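Asks: I'm passing along protein_38.cif; it holds mmCIF, C-alpha atoms.
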```cif
data_target
#
loop_
_atom_site.label_atom_id
_atom_site.label_comp_id
_atom_site.auth_asym_id
_atom_site.auth_seq_id
_atom_site.Cartn_x
_atom_site.Cartn_y
_atom_site.Cartn_z
CA MET E 8 65.11 127.38 205.04
CA ASP E 9 62.96 124.63 203.51
CA PHE E 10 59.22 125.10 202.98
CA LEU E 11 56.91 122.12 203.55
CA ARG E 12 53.37 122.45 202.13
CA PRO E 13 51.15 119.45 202.92
CA ALA E 14 47.81 119.15 201.13
CA SER E 15 46.00 117.34 203.95
CA TRP E 16 46.03 117.01 207.72
CA GLU E 17 47.45 113.51 207.44
CA GLU E 18 50.31 114.81 205.29
CA ALA E 19 50.92 117.57 207.83
CA LEU E 20 51.19 115.07 210.69
CA ALA E 21 53.53 112.89 208.64
CA ALA E 22 55.71 115.90 207.81
CA LYS E 23 55.85 116.98 211.46
CA ALA E 24 56.86 113.43 212.45
CA GLU E 25 59.63 113.39 209.83
CA TYR E 26 60.78 116.95 210.55
CA PRO E 27 60.02 117.57 214.25
CA THR E 28 61.86 120.92 214.22
CA ALA E 29 59.54 122.27 211.50
CA VAL E 30 57.71 125.41 212.65
CA PRO E 31 54.01 125.47 211.71
CA ILE E 32 52.80 128.56 209.88
CA ALA E 33 49.17 129.46 209.12
CA GLY E 34 48.44 133.14 209.70
CA GLY E 35 52.15 133.79 210.11
CA THR E 36 51.51 136.95 212.11
CA ASP E 37 54.06 136.01 214.79
CA ILE E 38 56.67 133.83 213.10
CA MET E 39 57.09 136.11 210.07
CA VAL E 40 57.90 139.05 212.33
CA GLU E 41 60.63 136.99 214.02
CA ILE E 42 62.01 135.87 210.65
CA ASN E 43 61.91 139.37 209.15
CA PHE E 44 63.84 140.80 212.11
CA ASP E 45 66.25 137.85 211.98
CA HIS E 46 65.32 136.83 215.53
CA ARG E 47 64.63 133.31 214.38
CA ARG E 48 65.71 131.21 211.43
CA PRO E 49 63.98 127.80 211.49
CA GLU E 50 65.33 125.01 209.33
CA TYR E 51 61.84 124.13 208.09
CA LEU E 52 58.52 125.96 207.83
CA LEU E 53 55.38 123.79 207.78
CA ASP E 54 52.66 125.66 205.85
CA LEU E 55 49.17 124.64 207.05
CA ASN E 56 47.16 126.99 204.84
CA ARG E 57 45.92 124.28 202.47
CA ILE E 58 44.22 122.37 205.31
CA ALA E 59 40.59 123.48 205.37
CA LEU E 60 39.57 121.59 208.51
CA LEU E 61 41.75 123.93 210.61
CA ARG E 62 39.51 126.82 209.55
CA GLU E 63 36.26 125.13 210.63
CA TRP E 64 34.28 125.61 213.85
CA GLU E 65 31.33 123.81 215.37
CA VAL E 66 28.95 125.04 218.07
CA GLY E 67 27.67 122.11 220.11
CA GLU E 68 25.11 122.01 222.89
CA GLU E 69 27.75 122.44 225.60
CA VAL E 70 31.10 122.99 223.87
CA THR E 71 32.30 124.98 220.88
CA ARG E 72 35.16 123.54 218.86
CA VAL E 73 37.31 126.15 217.12
CA GLY E 74 39.82 125.04 214.48
CA ALA E 75 43.36 126.20 215.10
CA SER E 76 43.37 128.47 212.04
CA VAL E 77 39.92 130.05 212.42
CA PRO E 78 40.68 133.78 212.02
CA TYR E 79 39.93 136.14 214.87
CA THR E 80 37.51 137.98 212.60
CA HIS E 81 35.33 134.86 212.31
CA ILE E 82 35.37 134.40 216.08
CA MET E 83 34.21 137.99 216.53
CA GLU E 84 31.46 137.65 213.93
CA ASN E 85 30.19 134.13 214.60
CA LEU E 86 31.00 133.11 218.18
CA ARG E 87 30.16 136.23 220.17
CA GLU E 88 27.19 134.58 221.90
CA THR E 89 28.80 131.26 222.83
CA LEU E 90 32.36 132.48 223.51
CA PRO E 91 32.00 136.15 224.54
CA GLY E 92 35.33 136.39 226.36
CA LEU E 93 37.29 135.05 223.40
CA ALA E 94 35.35 137.31 221.04
CA LEU E 95 36.24 140.35 223.17
CA ALA E 96 39.89 139.30 223.20
CA SER E 97 39.81 138.86 219.42
CA HIS E 98 38.70 142.50 219.06
CA THR E 99 41.96 143.65 220.68
CA VAL E 100 44.28 141.72 218.34
CA ALA E 101 46.44 144.04 216.26
CA SER E 102 44.56 145.37 213.20
CA PRO E 103 41.78 144.17 210.86
CA GLN E 104 44.39 142.75 208.49
CA ILE E 105 46.01 140.70 211.25
CA ARG E 106 42.64 139.59 212.62
CA ASN E 107 41.75 138.31 209.15
CA ARG E 108 44.87 136.11 209.12
CA GLY E 109 45.76 135.18 212.69
CA GLY E 110 44.09 132.50 214.79
CA VAL E 111 44.09 131.10 218.29
CA GLY E 112 46.22 128.10 217.28
CA GLY E 113 49.13 130.37 216.46
CA ASN E 114 48.71 132.24 219.75
CA LEU E 115 48.89 128.93 221.61
CA GLY E 116 51.80 127.64 219.57
CA CYS E 117 53.90 130.73 220.29
CA ALA E 118 52.78 130.65 223.96
CA SER E 119 53.87 134.24 224.53
CA PRO E 120 52.74 135.52 227.94
CA ALA E 121 51.38 138.56 226.06
CA GLY E 122 49.21 136.54 223.67
CA ASP E 123 45.78 138.16 223.52
CA SER E 124 43.67 134.99 223.61
CA HIS E 125 45.29 133.35 226.65
CA PRO E 126 43.43 135.15 229.48
CA ALA E 127 40.07 134.43 227.84
CA LEU E 128 40.93 130.75 227.33
CA LEU E 129 42.08 130.40 230.94
CA ALA E 130 38.95 132.09 232.27
CA ALA E 131 36.70 129.89 230.13
CA GLY E 132 38.53 126.67 231.04
CA ALA E 133 39.42 125.62 227.49
CA GLU E 134 41.07 122.42 226.29
CA VAL E 135 43.57 122.19 223.45
CA GLU E 136 43.19 119.32 220.98
CA VAL E 137 46.59 118.22 219.65
CA GLU E 138 47.47 115.39 217.32
CA SER E 139 50.44 113.48 215.93
CA VAL E 140 50.86 110.28 213.95
CA ARG E 141 50.73 108.58 217.37
CA GLY E 142 47.20 109.79 218.10
CA THR E 143 45.13 112.60 219.61
CA ARG E 144 45.12 114.04 223.11
CA MET E 145 43.38 116.86 224.95
CA ILE E 146 45.48 119.25 227.05
CA PRO E 147 43.65 121.33 229.69
CA ILE E 148 44.54 124.99 229.26
CA ASP E 149 45.88 125.11 232.83
CA GLU E 150 48.54 122.56 231.84
CA PHE E 151 49.38 123.98 228.42
CA TYR E 152 51.81 126.79 229.30
CA THR E 153 55.07 125.36 230.62
CA GLY E 154 57.45 128.34 230.53
CA VAL E 155 58.32 131.56 228.73
CA LYS E 156 57.12 130.92 225.16
CA ARG E 157 57.00 127.19 225.87
CA ASN E 158 54.05 124.84 225.78
CA ALA E 159 53.15 121.21 226.43
CA LEU E 160 53.30 120.09 222.79
CA ALA E 161 55.54 117.16 221.95
CA ALA E 162 57.96 117.69 219.08
CA ASP E 163 55.78 115.75 216.62
CA GLU E 164 52.43 117.25 217.64
CA LEU E 165 50.31 119.94 215.98
CA ILE E 166 47.43 121.95 217.42
CA LYS E 167 44.21 120.89 215.72
CA ALA E 168 41.48 122.76 217.61
CA ILE E 169 40.47 124.46 220.82
CA HIS E 170 37.45 123.21 222.79
CA VAL E 171 35.68 125.82 224.93
CA LYS E 172 32.55 125.34 227.03
CA ASN E 173 29.73 127.57 225.84
CA ALA E 174 29.27 130.51 228.17
CA THR E 175 26.54 130.06 230.78
CA GLY E 176 27.29 133.42 232.40
CA PRO E 177 28.85 136.78 231.55
CA GLN E 178 32.48 137.04 230.51
CA GLN E 179 34.79 140.04 230.21
CA TYR E 180 38.22 140.87 228.84
CA SER E 181 40.40 143.97 229.09
CA LYS E 182 43.83 144.83 227.75
CA VAL E 183 46.16 147.71 228.55
CA GLY E 184 48.31 148.97 225.69
CA THR E 185 50.14 152.08 224.65
CA ARG E 186 47.64 152.63 221.83
CA ASN E 187 44.40 151.09 220.53
CA ALA E 188 45.78 148.88 217.76
CA MET E 189 48.92 147.05 216.62
CA VAL E 190 50.28 146.86 220.15
CA ILE E 191 51.55 144.13 222.45
CA ALA E 192 49.67 144.06 225.73
CA VAL E 193 51.26 145.78 228.70
CA CYS E 194 48.94 143.48 230.68
CA ALA E 195 45.54 141.86 230.18
CA PHE E 196 42.83 140.27 232.28
CA GLY E 197 39.92 137.95 231.60
CA LEU E 198 37.01 136.96 233.85
CA ALA E 199 34.23 134.40 233.39
CA LEU E 200 31.28 133.63 235.64
CA HIS E 201 30.18 129.98 235.62
CA PRO E 202 26.74 129.94 237.28
CA GLU E 203 26.19 126.23 236.65
CA THR E 204 29.07 125.42 239.01
CA ARG E 205 28.82 128.66 241.01
CA THR E 206 32.45 129.42 240.31
CA VAL E 207 34.52 132.19 238.81
CA ARG E 208 37.65 131.77 236.68
CA THR E 209 40.26 134.34 235.70
CA GLY E 210 43.13 134.76 233.26
CA ILE E 211 46.09 137.13 233.36
CA GLY E 212 48.32 138.00 230.43
CA SER E 213 51.67 139.78 230.14
CA ALA E 214 52.15 140.01 233.90
CA ALA E 215 54.06 136.78 234.60
CA PRO E 216 56.45 134.44 232.74
CA THR E 217 53.40 132.57 231.42
CA PRO E 218 49.68 133.29 231.17
CA ILE E 219 48.24 132.51 234.62
CA ARG E 220 45.08 132.43 236.68
CA ALA E 221 44.58 134.48 239.84
CA LYS E 222 43.68 131.41 241.89
CA ALA E 223 43.70 133.08 245.31
CA ALA E 224 41.36 135.75 243.97
CA GLU E 225 39.08 133.08 242.53
CA GLU E 226 38.97 131.14 245.81
CA PHE E 227 38.18 134.29 247.78
CA LEU E 228 35.42 135.34 245.41
CA ASN E 229 33.89 131.87 245.16
CA ALA E 230 33.68 131.72 248.95
CA ALA E 231 32.32 135.27 249.29
CA LEU E 232 29.61 134.70 246.69
CA GLU E 233 28.56 131.41 248.25
CA GLU E 234 28.59 132.60 251.86
CA GLY E 235 26.67 135.75 251.00
CA GLY E 236 24.10 133.88 248.91
CA PHE E 237 24.87 136.18 245.97
CA TRP E 238 24.15 133.58 243.30
CA ASP E 239 20.58 133.27 244.60
CA ASN E 240 19.70 136.68 245.96
CA GLY E 241 21.23 138.76 243.17
CA LYS E 242 22.61 141.39 245.51
CA VAL E 243 25.08 143.98 244.29
CA ILE E 244 28.72 143.06 244.84
CA THR E 245 29.94 145.09 247.81
CA PRO E 246 32.87 147.47 247.32
CA SER E 247 34.90 145.56 249.92
CA ILE E 248 34.55 142.28 247.98
CA ALA E 249 35.47 143.96 244.69
CA LYS E 250 38.46 145.68 246.28
CA GLN E 251 39.76 142.47 247.87
CA PHE E 252 39.30 140.56 244.62
CA GLY E 253 41.32 143.19 242.74
CA GLU E 254 44.10 143.16 245.33
CA LEU E 255 44.37 139.37 245.21
CA ALA E 256 44.42 139.42 241.41
CA SER E 257 47.20 141.99 241.53
CA GLY E 258 49.09 139.81 243.99
CA ALA E 259 49.00 136.86 241.60
CA CYS E 260 51.19 138.74 239.12
CA ASN E 261 54.91 138.18 238.75
CA PRO E 262 55.77 140.82 236.14
CA ILE E 263 58.96 142.40 234.87
CA ASP E 264 60.03 145.95 234.02
CA ASP E 265 60.41 146.45 230.29
CA VAL E 266 59.96 149.11 227.60
CA ARG E 267 56.17 148.66 227.67
CA GLY E 268 55.64 149.12 231.39
CA THR E 269 56.99 148.63 234.88
CA ALA E 270 56.21 145.68 237.11
CA LYS E 271 54.53 148.03 239.59
CA TYR E 272 52.26 149.46 236.92
CA ARG E 273 51.32 146.00 235.63
CA ARG E 274 50.28 144.85 239.10
CA HIS E 275 48.27 148.01 239.62
CA ALA E 276 46.54 147.78 236.24
CA VAL E 277 45.63 144.11 236.68
CA GLY E 278 44.04 144.93 240.04
CA ILE E 279 41.97 147.72 238.49
CA MET E 280 40.85 145.55 235.56
CA ALA E 281 39.89 142.70 237.89
CA ARG E 282 37.80 144.95 240.12
CA ARG E 283 36.03 146.62 237.21
CA GLN E 284 35.34 143.37 235.38
CA LEU E 285 33.84 141.83 238.49
CA VAL E 286 31.38 144.71 238.77
CA TRP E 287 30.55 144.59 235.04
CA THR E 288 30.03 140.84 234.86
CA TRP E 289 28.01 140.69 238.06
CA GLU E 290 25.67 143.47 236.97
CA GLN E 291 25.19 141.63 233.69
CA TYR E 292 24.50 138.38 235.56
CA ARG E 293 21.89 140.07 237.74
CA GLY E 294 20.22 141.59 234.69
CA THR E 295 20.08 138.39 232.64
CA ASN E 296 18.52 136.53 235.53
CA GLY E 297 15.50 138.80 235.50
CA ARG E 298 16.34 140.72 238.65
CA PRO E 299 15.96 144.51 238.34
CA LEU E 300 19.05 146.50 239.17
CA GLU E 301 18.86 148.21 242.53
CA GLY E 302 17.42 151.69 242.19
CA ALA E 303 15.70 150.87 238.89
CA ALA E 304 11.99 151.57 238.55
#
```
Once more with this new file: its structure as structure tokens, please.

Replies:
Amino acid sequence: MDFLRPASWEEALAAKAEYPTAVPIAGGTDIMVEINFDHRRPEYLLDLNRIALLREWEVGEEVTRVGASVPYTHIMENLRETLPGLALASHTVASPQIRNRGGVGGNLGCASPAGDSHPALLAAGAEVEVESVRGTRMIPIDEFYTGVKRNALAADELIKAIHVKNATGPQQYSKVGTRNAMVIAVCAFGLALHPETRTVRTGIGSAAPTPIRAKAAEEFLNAALEEGGFWDNGKVITPSIAKQFGELASGACNPIDDVRGTAKYRRHAVGIMARRQLVWTWEQYRGTNGRPLEGAA
């Protein structure tokens, strides 16, 4: 196994063009596990740790740009207000040591359906900035996952950053695991309210061959909120709407039985998380818009 260690982004792109099979490594929290267990033996490793721009982030007026190697710890500490869903997801990643090393770029590169950041990115409607010696392109998150642990990157492309619209409404994230840390998700769910467009987006992890959105659930909820005037009147979400939303989210899943959980359990858990997150985010939306909660003095 050869080790490539470029000193700049330009050198990294040139190396990836010359050695398209080279596997990028920054945090190394996924690839090193595969190597240590002899599940994978790449011909080349492309070390990106000397490239400082991958560890930079910028909060703009409408969009936050997060470098591919920004550690989860920094997201939790610095981007909680603008990217609350991603910050919540970052809290669930492994352990403090892993959160200090791992970043969203590695999660996207591996494209595991169980990756912790994927549901939050789907719910927020992120875009992935990728680059090669041929130029730069933006890949909408909905088009990024192409199969089990496969993504839309060309062989000579590297992930440079993730662009996420700053939250204009509440966001939530939940993960089911067999313990509180150092665990792969049995399933996960993310929800984001987008009041400026009066829409809701979702993300589901570890309950299908790829990370997915519960589109039927979104369409139902968008229609129910609009028809009932909920965005304007601030009414409490009715139990029937929450129940139907959860059932549709559960129906979007296409899980498997494995050592971490059964397909039946995954569907059930996703439905519960969806229903609870809808109630939580909507109550937060009502509160932040200056409307007193029903029953409050």

Asks: Could you give me, as a list in words, the residues that sit within 12 Å of (27.8, 122.0, 225.2) in the file's coordinates, counting all atoms listed in the file?

Replies: Glu65, Val66, Gly67, Glu68, Glu69, Val70, Thr71, Arg72, Thr89, Leu90, His170, Val171, Lys172, Asn173, Ala174 and Thr175 of chain E

Asks: Using all atoms listed in the file for the distances, tell me which of E:His46, E:Arg220, E:Arg106, E:Lys271 is nearest to Asp149 of chain E.

Replies: E:Arg220

Asks: With distances taken over all atoms listed in the file, which of E:Gly34, E:Gly112, E:Glu203, E:Ala29 is nearest to Arg48 of chain E?

Replies: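 Looking only at the distances to Arg48 of chain E, the closest residue turns out to be E:Ala29.
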
Asks: Could you work out how far atom CA of Met83 of chain E lies from atom CA of Thr143 of chain E, giving the answer in Å with one decimal?

Replies: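 Atom CA of Thr143 of chain E sits 27.8 Å away from atom CA of Met83 of chain E.
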
Asks: How many Å separate atom CA of Met280 of chain E from atom CA of Glu150 of chain E?

Replies: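 Interatomic distance here is 24.5 Å.
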
Asks: List the neighbours of segment 205-210 of chain E out to 8 Å using all atoms listed in the file; skip same-chain residues closer than 5 positions along the sequence, and give me the result as a ChimeraX atom specification.

Replies: /E:125-132,196-200,218-222,225,228-229,233,238

Asks: Can I get the selection written as an mmCIF file, keeping the file's coordinate frame, with C-alpha atoms?

Replies:
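Output file part-v8.cif is given in full below:
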```cif
data_model
loop_
_atom_site.group_PDB
_atom_site.id
_atom_site.type_symbol
_atom_site.label_atom_id
_atom_site.label_comp_id
_atom_site.auth_asym_id
_atom_site.auth_seq_id
_atom_site.Cartn_x
_atom_site.Cartn_y
_atom_site.Cartn_z
ATOM 1 C CA HIS E 125 45.290 133.350 226.650
ATOM 2 C CA PRO E 126 43.430 135.150 229.480
ATOM 3 C CA ALA E 127 40.070 134.430 227.840
ATOM 4 C CA LEU E 128 40.930 130.750 227.330
ATOM 5 C CA LEU E 129 42.080 130.400 230.940
ATOM 6 C CA ALA E 130 38.950 132.090 232.270
ATOM 7 C CA ALA E 131 36.700 129.890 230.130
ATOM 8 C CA GLY E 132 38.530 126.670 231.040
ATOM 9 C CA PHE E 196 42.830 140.270 232.280
ATOM 10 C CA GLY E 197 39.920 137.950 231.600
ATOM 11 C CA LEU E 198 37.010 136.960 233.850
ATOM 12 C CA ALA E 199 34.230 134.400 233.390
ATOM 13 C CA LEU E 200 31.280 133.630 235.640
ATOM 14 C CA PRO E 218 49.680 133.290 231.170
ATOM 15 C CA ILE E 219 48.240 132.510 234.620
ATOM 16 C CA ARG E 220 45.080 132.430 236.680
ATOM 17 C CA ALA E 221 44.580 134.480 239.840
ATOM 18 C CA LYS E 222 43.680 131.410 241.890
ATOM 19 C CA GLU E 225 39.080 133.080 242.530
ATOM 20 C CA LEU E 228 35.420 135.340 245.410
ATOM 21 C CA ASN E 229 33.890 131.870 245.160
ATOM 22 C CA GLU E 233 28.560 131.410 248.250
ATOM 23 C CA TRP E 238 24.150 133.580 243.300
#
```

Asks: Can you work out which one of E:Tyr26, E:Gln291, E:Pro147, E:Ser139 has the shortest atom-to-atom distance to Ala161 of chain E, counting all atoms listed in the file?

Replies: E:Ser139

Asks: Nearest to Ala159 of chain E: which of E:Leu232, E:Leu115, E:Ala24, E:Ala33 is it, counting all atoms listed in the file?

Replies: E:Leu115

Asks: Which value, in Å to one decimal, gives the distance between atom CA of Leu11 of chain E and atom CA of Arg141 of chain E?

Replies: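 Going from atom CA of Leu11 of chain E over to atom CA of Arg141 of chain E, I get 20.3 Å.
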
Asks: Could you name the residues that touch Ala118 of chain E at 10 Å or less, counting only C-alpha atoms, but leaving out those on the same chain fewer than 5 positions away, as a PDB file with C-alpha atoms, keeping the file's coordinate frame?

Replies:
```pdb
ATOM      1  CA  GLY E 112      46.220 128.100 217.280  1.00  0.00           C
ATOM      2  CA  GLY E 113      49.130 130.370 216.460  1.00  0.00           C
ATOM      3  CA  HIS E 125      45.290 133.350 226.650  1.00  0.00           C
ATOM      4  CA  PHE E 151      49.380 123.980 228.420  1.00  0.00           C
ATOM      5  CA  TYR E 152      51.810 126.790 229.300  1.00  0.00           C
ATOM      6  CA  THR E 153      55.070 125.360 230.620  1.00  0.00           C
ATOM      7  CA  GLY E 154      57.450 128.340 230.530  1.00  0.00           C
ATOM      8  CA  VAL E 155      58.320 131.560 228.730  1.00  0.00           C
ATOM      9  CA  LYS E 156      57.120 130.920 225.160  1.00  0.00           C
ATOM     10  CA  ARG E 157      57.000 127.190 225.870  1.00  0.00           C
ATOM     11  CA  ASN E 158      54.050 124.840 225.780  1.00  0.00           C
ATOM     12  CA  ALA E 159      53.150 121.210 226.430  1.00  0.00           C
ATOM     13  CA  THR E 217      53.400 132.570 231.420  1.00  0.00           C
ATOM     14  CA  PRO E 218      49.680 133.290 231.170  1.00  0.00           C
TER      15      PRO E 218
END
```

Asks: Could you give me, as a PyMOL selection string, the residues that have an atom at most 8 Å away from the point (40.2, 144.2, 231.3) in the coordinates of the file, using only C-alpha atoms?

Replies: chain E and resi 179-183+195-197+277+280-281+283-284

Asks: Which one of E:Gly278, E:Gly235, E:Gly184, E:Gly142 sits closest to Asp163 of chain E if you count only C-alpha atoms?

Replies: E:Gly142

Asks: Skip segment 50-60 of chain E itself and residues of its chain fewer than 5 positions away, then list as a list in words all residues within 6 Å of it, counting all atoms listed in the file.

Replies: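 Counting all atoms listed in the file, the residues come to Met8, Asp9, Phe10, Leu11, Arg12, Ala14, Ser15, Ala29, Val30, Pro31, Ile32 and Ala33 of chain E.
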
Asks: Can you work out which one of E:Glu63, E:Glu84, E:Glu234, E:Asp123 has the shortest atom-to-atom distance to Thr99 of chain E, counting all atoms listed in the file?

Replies: E:Asp123

Asks: Using only C-alpha atoms, which residues sit within 10 Å of Asn114 of chain E once same-chain residues fewer than 3 positions away are excluded, as a list in words?

Replies: Thr36, Asp37, Ala75, Gly109, Gly110, Val111, Cys117, Ala118, Ser119, Pro120, Ala121, Gly122, Asp123, Ser124 and His125 of chain E

Asks: How about saving the chosen residues, C-alpha atoms kept, as a PDB file, in the coordinates of the input?

Replies:
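Contents of selection27.pdb, freshly written:
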```
ATOM      1  CA  THR E  36      51.510 136.950 212.110  1.00  0.00           C
ATOM      2  CA  ASP E  37      54.060 136.010 214.790  1.00  0.00           C
ATOM      3  CA  ALA E  75      43.360 126.200 215.100  1.00  0.00           C
ATOM      4  CA  GLY E 109      45.760 135.180 212.690  1.00  0.00           C
ATOM      5  CA  GLY E 110      44.090 132.500 214.790  1.00  0.00           C
ATOM      6  CA  VAL E 111      44.090 131.100 218.290  1.00  0.00           C
ATOM      7  CA  CYS E 117      53.900 130.730 220.290  1.00  0.00           C
ATOM      8  CA  ALA E 118      52.780 130.650 223.960  1.00  0.00           C
ATOM      9  CA  SER E 119      53.870 134.240 224.530  1.00  0.00           C
ATOM     10  CA  PRO E 120      52.740 135.520 227.940  1.00  0.00           C
ATOM     11  CA  ALA E 121      51.380 138.560 226.060  1.00  0.00           C
ATOM     12  CA  GLY E 122      49.210 136.540 223.670  1.00  0.00           C
ATOM     13  CA  ASP E 123      45.780 138.160 223.520  1.00  0.00           C
ATOM     14  CA  SER E 124      43.670 134.990 223.610  1.00  0.00           C
ATOM     15  CA  HIS E 125      45.290 133.350 226.650  1.00  0.00           C
TER      16      HIS E 125
END
```

Asks: I'd like to see the residues matched by the PyMOL selection byres ((chain E and resi 263) around 9) on this file, and ideally I'd get them as a list in words.

Replies: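 Evaluating the PyMOL selection byres ((chain E and resi 263) around 9) on these coordinates yields Ala214, Ala215, Pro216, Asn261, Pro262, Asp264, Asp265, Gly268, Thr269, Ala270, Lys271 and Arg273 of chain E.
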
Asks: Give as a list in words the residues that the PyMOL selection byres ((chain E and resi 82) around 10) matches when applied to the coordinates above.

Replies: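 This file, filtered by the PyMOL selection byres ((chain E and resi 82) around 10), leaves Trp64, Val73, Val77, Pro78, Tyr79, Thr80, His81, Met83, Glu84, Asn85, Leu86, Arg87, Thr89, Leu90, Pro91, Leu93, Ala94, Leu95, Ala96, Ser97, His98, Arg106, Gly110 and Val111 of chain E.
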
Asks: What would segment 128-145 of chain E look like if you wrote it out as a PDB file, in the first residue's frame, with N, CA, C and O atoms included, from the block I just posted?

Replies:
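Result file follows (selection26.pdb):
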```pdb
ATOM      1  N   LEU E 128     -28.329  16.031   6.675  1.00  0.00           N
ATOM      2  CA  LEU E 128     -28.015  16.699   5.410  1.00  0.00           C
ATOM      3  C   LEU E 128     -29.194  16.613   4.442  1.00  0.00           C
ATOM      4  O   LEU E 128     -29.497  17.577   3.731  1.00  0.00           O
ATOM      5  N   LEU E 129     -29.852  15.466   4.409  1.00  0.00           N
ATOM      6  CA  LEU E 129     -31.031  15.321   3.551  1.00  0.00           C
ATOM      7  C   LEU E 129     -32.150  16.248   4.005  1.00  0.00           C
ATOM      8  O   LEU E 129     -32.805  16.903   3.188  1.00  0.00           O
ATOM      9  N   ALA E 130     -32.391  16.312   5.306  1.00  0.00           N
ATOM     10  CA  ALA E 130     -33.469  17.149   5.820  1.00  0.00           C
ATOM     11  C   ALA E 130     -33.193  18.628   5.571  1.00  0.00           C
ATOM     12  O   ALA E 130     -34.114  19.412   5.322  1.00  0.00           O
ATOM     13  N   ALA E 131     -31.928  19.015   5.625  1.00  0.00           N
ATOM     14  CA  ALA E 131     -31.568  20.419   5.431  1.00  0.00           C
ATOM     15  C   ALA E 131     -31.479  20.795   3.960  1.00  0.00           C
ATOM     16  O   ALA E 131     -31.485  21.981   3.627  1.00  0.00           O
ATOM     17  N   GLY E 132     -31.369  19.804   3.072  1.00  0.00           N
ATOM     18  CA  GLY E 132     -31.252  20.098   1.646  1.00  0.00           C
ATOM     19  C   GLY E 132     -29.872  20.579   1.258  1.00  0.00           C
ATOM     20  O   GLY E 132     -29.718  21.583   0.553  1.00  0.00           O
ATOM     21  N   ALA E 133     -28.833  19.881   1.702  1.00  0.00           N
ATOM     22  CA  ALA E 133     -27.449  20.292   1.477  1.00  0.00           C
ATOM     23  C   ALA E 133     -27.007  20.069   0.030  1.00  0.00           C
ATOM     24  O   ALA E 133     -27.668  19.367  -0.745  1.00  0.00           O
ATOM     25  N   GLU E 134     -25.878  20.670  -0.308  1.00  0.00           N
ATOM     26  CA  GLU E 134     -25.195  20.417  -1.567  1.00  0.00           C
ATOM     27  C   GLU E 134     -23.743  20.065  -1.275  1.00  0.00           C
ATOM     28  O   GLU E 134     -23.145  20.617  -0.342  1.00  0.00           O
ATOM     29  N   VAL E 135     -23.187  19.168  -2.067  1.00  0.00           N
ATOM     30  CA  VAL E 135     -21.822  18.716  -1.867  1.00  0.00           C
ATOM     31  C   VAL E 135     -20.936  19.327  -2.956  1.00  0.00           C
ATOM     32  O   VAL E 135     -21.188  19.145  -4.144  1.00  0.00           O
ATOM     33  N   GLU E 136     -19.921  20.070  -2.525  1.00  0.00           N
ATOM     34  CA  GLU E 136     -18.971  20.680  -3.457  1.00  0.00           C
ATOM     35  C   GLU E 136     -17.827  19.705  -3.709  1.00  0.00           C
ATOM     36  O   GLU E 136     -17.113  19.321  -2.773  1.00  0.00           O
ATOM     37  N   VAL E 137     -17.673  19.278  -4.950  1.00  0.00           N
ATOM     38  CA  VAL E 137     -16.600  18.352  -5.308  1.00  0.00           C
ATOM     39  C   VAL E 137     -15.741  18.987  -6.387  1.00  0.00           C
ATOM     40  O   VAL E 137     -16.192  19.844  -7.145  1.00  0.00           O
ATOM     41  N   GLU E 138     -14.483  18.542  -6.449  1.00  0.00           N
ATOM     42  CA  GLU E 138     -13.564  19.165  -7.399  1.00  0.00           C
ATOM     43  C   GLU E 138     -12.576  18.127  -7.925  1.00  0.00           C
ATOM     44  O   GLU E 138     -12.231  17.151  -7.254  1.00  0.00           O
ATOM     45  N   SER E 139     -12.129  18.359  -9.143  1.00  0.00           N
ATOM     46  CA  SER E 139     -11.067  17.583  -9.771  1.00  0.00           C
ATOM     47  C   SER E 139     -10.218  18.557 -10.578  1.00  0.00           C
ATOM     48  O   SER E 139     -10.492  19.767 -10.606  1.00  0.00           O
ATOM     49  N   VAL E 140      -9.204  18.050 -11.248  1.00  0.00           N
ATOM     50  CA  VAL E 140      -8.400  18.919 -12.113  1.00  0.00           C
ATOM     51  C   VAL E 140      -9.240  19.449 -13.268  1.00  0.00           C
ATOM     52  O   VAL E 140      -8.863  20.433 -13.921  1.00  0.00           O
ATOM     53  N   ARG E 141     -10.400  18.850 -13.504  1.00  0.00           N
ATOM     54  CA  ARG E 141     -11.284  19.294 -14.589  1.00  0.00           C
ATOM     55  C   ARG E 141     -12.188  20.440 -14.173  1.00  0.00           C
ATOM     56  O   ARG E 141     -12.783  21.101 -15.022  1.00  0.00           O
ATOM     57  N   GLY E 142     -12.307  20.687 -12.863  1.00  0.00           N
ATOM     58  CA  GLY E 142     -13.156  21.775 -12.401  1.00  0.00           C
ATOM     59  C   GLY E 142     -13.980  21.387 -11.184  1.00  0.00           C
ATOM     60  O   GLY E 142     -13.820  20.301 -10.614  1.00  0.00           O
ATOM     61  N   THR E 143     -14.886  22.299 -10.815  1.00  0.00           N
ATOM     62  CA  THR E 143     -15.721  22.141  -9.618  1.00  0.00           C
ATOM     63  C   THR E 143     -17.172  21.937 -10.016  1.00  0.00           C
ATOM     64  O   THR E 143     -17.635  22.489 -11.008  1.00  0.00           O
ATOM     65  N   ARG E 144     -17.890  21.132  -9.239  1.00  0.00           N
ATOM     66  CA  ARG E 144     -19.336  21.007  -9.444  1.00  0.00           C
ATOM     67  C   ARG E 144     -20.020  20.823  -8.104  1.00  0.00           C
ATOM     68  O   ARG E 144     -19.410  20.382  -7.120  1.00  0.00           O
ATOM     69  N   MET E 145     -21.305  21.168  -8.080  1.00  0.00           N
ATOM     70  CA  MET E 145     -22.128  21.029  -6.884  1.00  0.00           C
ATOM     71  C   MET E 145     -23.115  19.890  -7.107  1.00  0.00           C
ATOM     72  O   MET E 145     -23.829  19.863  -8.114  1.00  0.00           O
TER      73      MET E 145
END
```
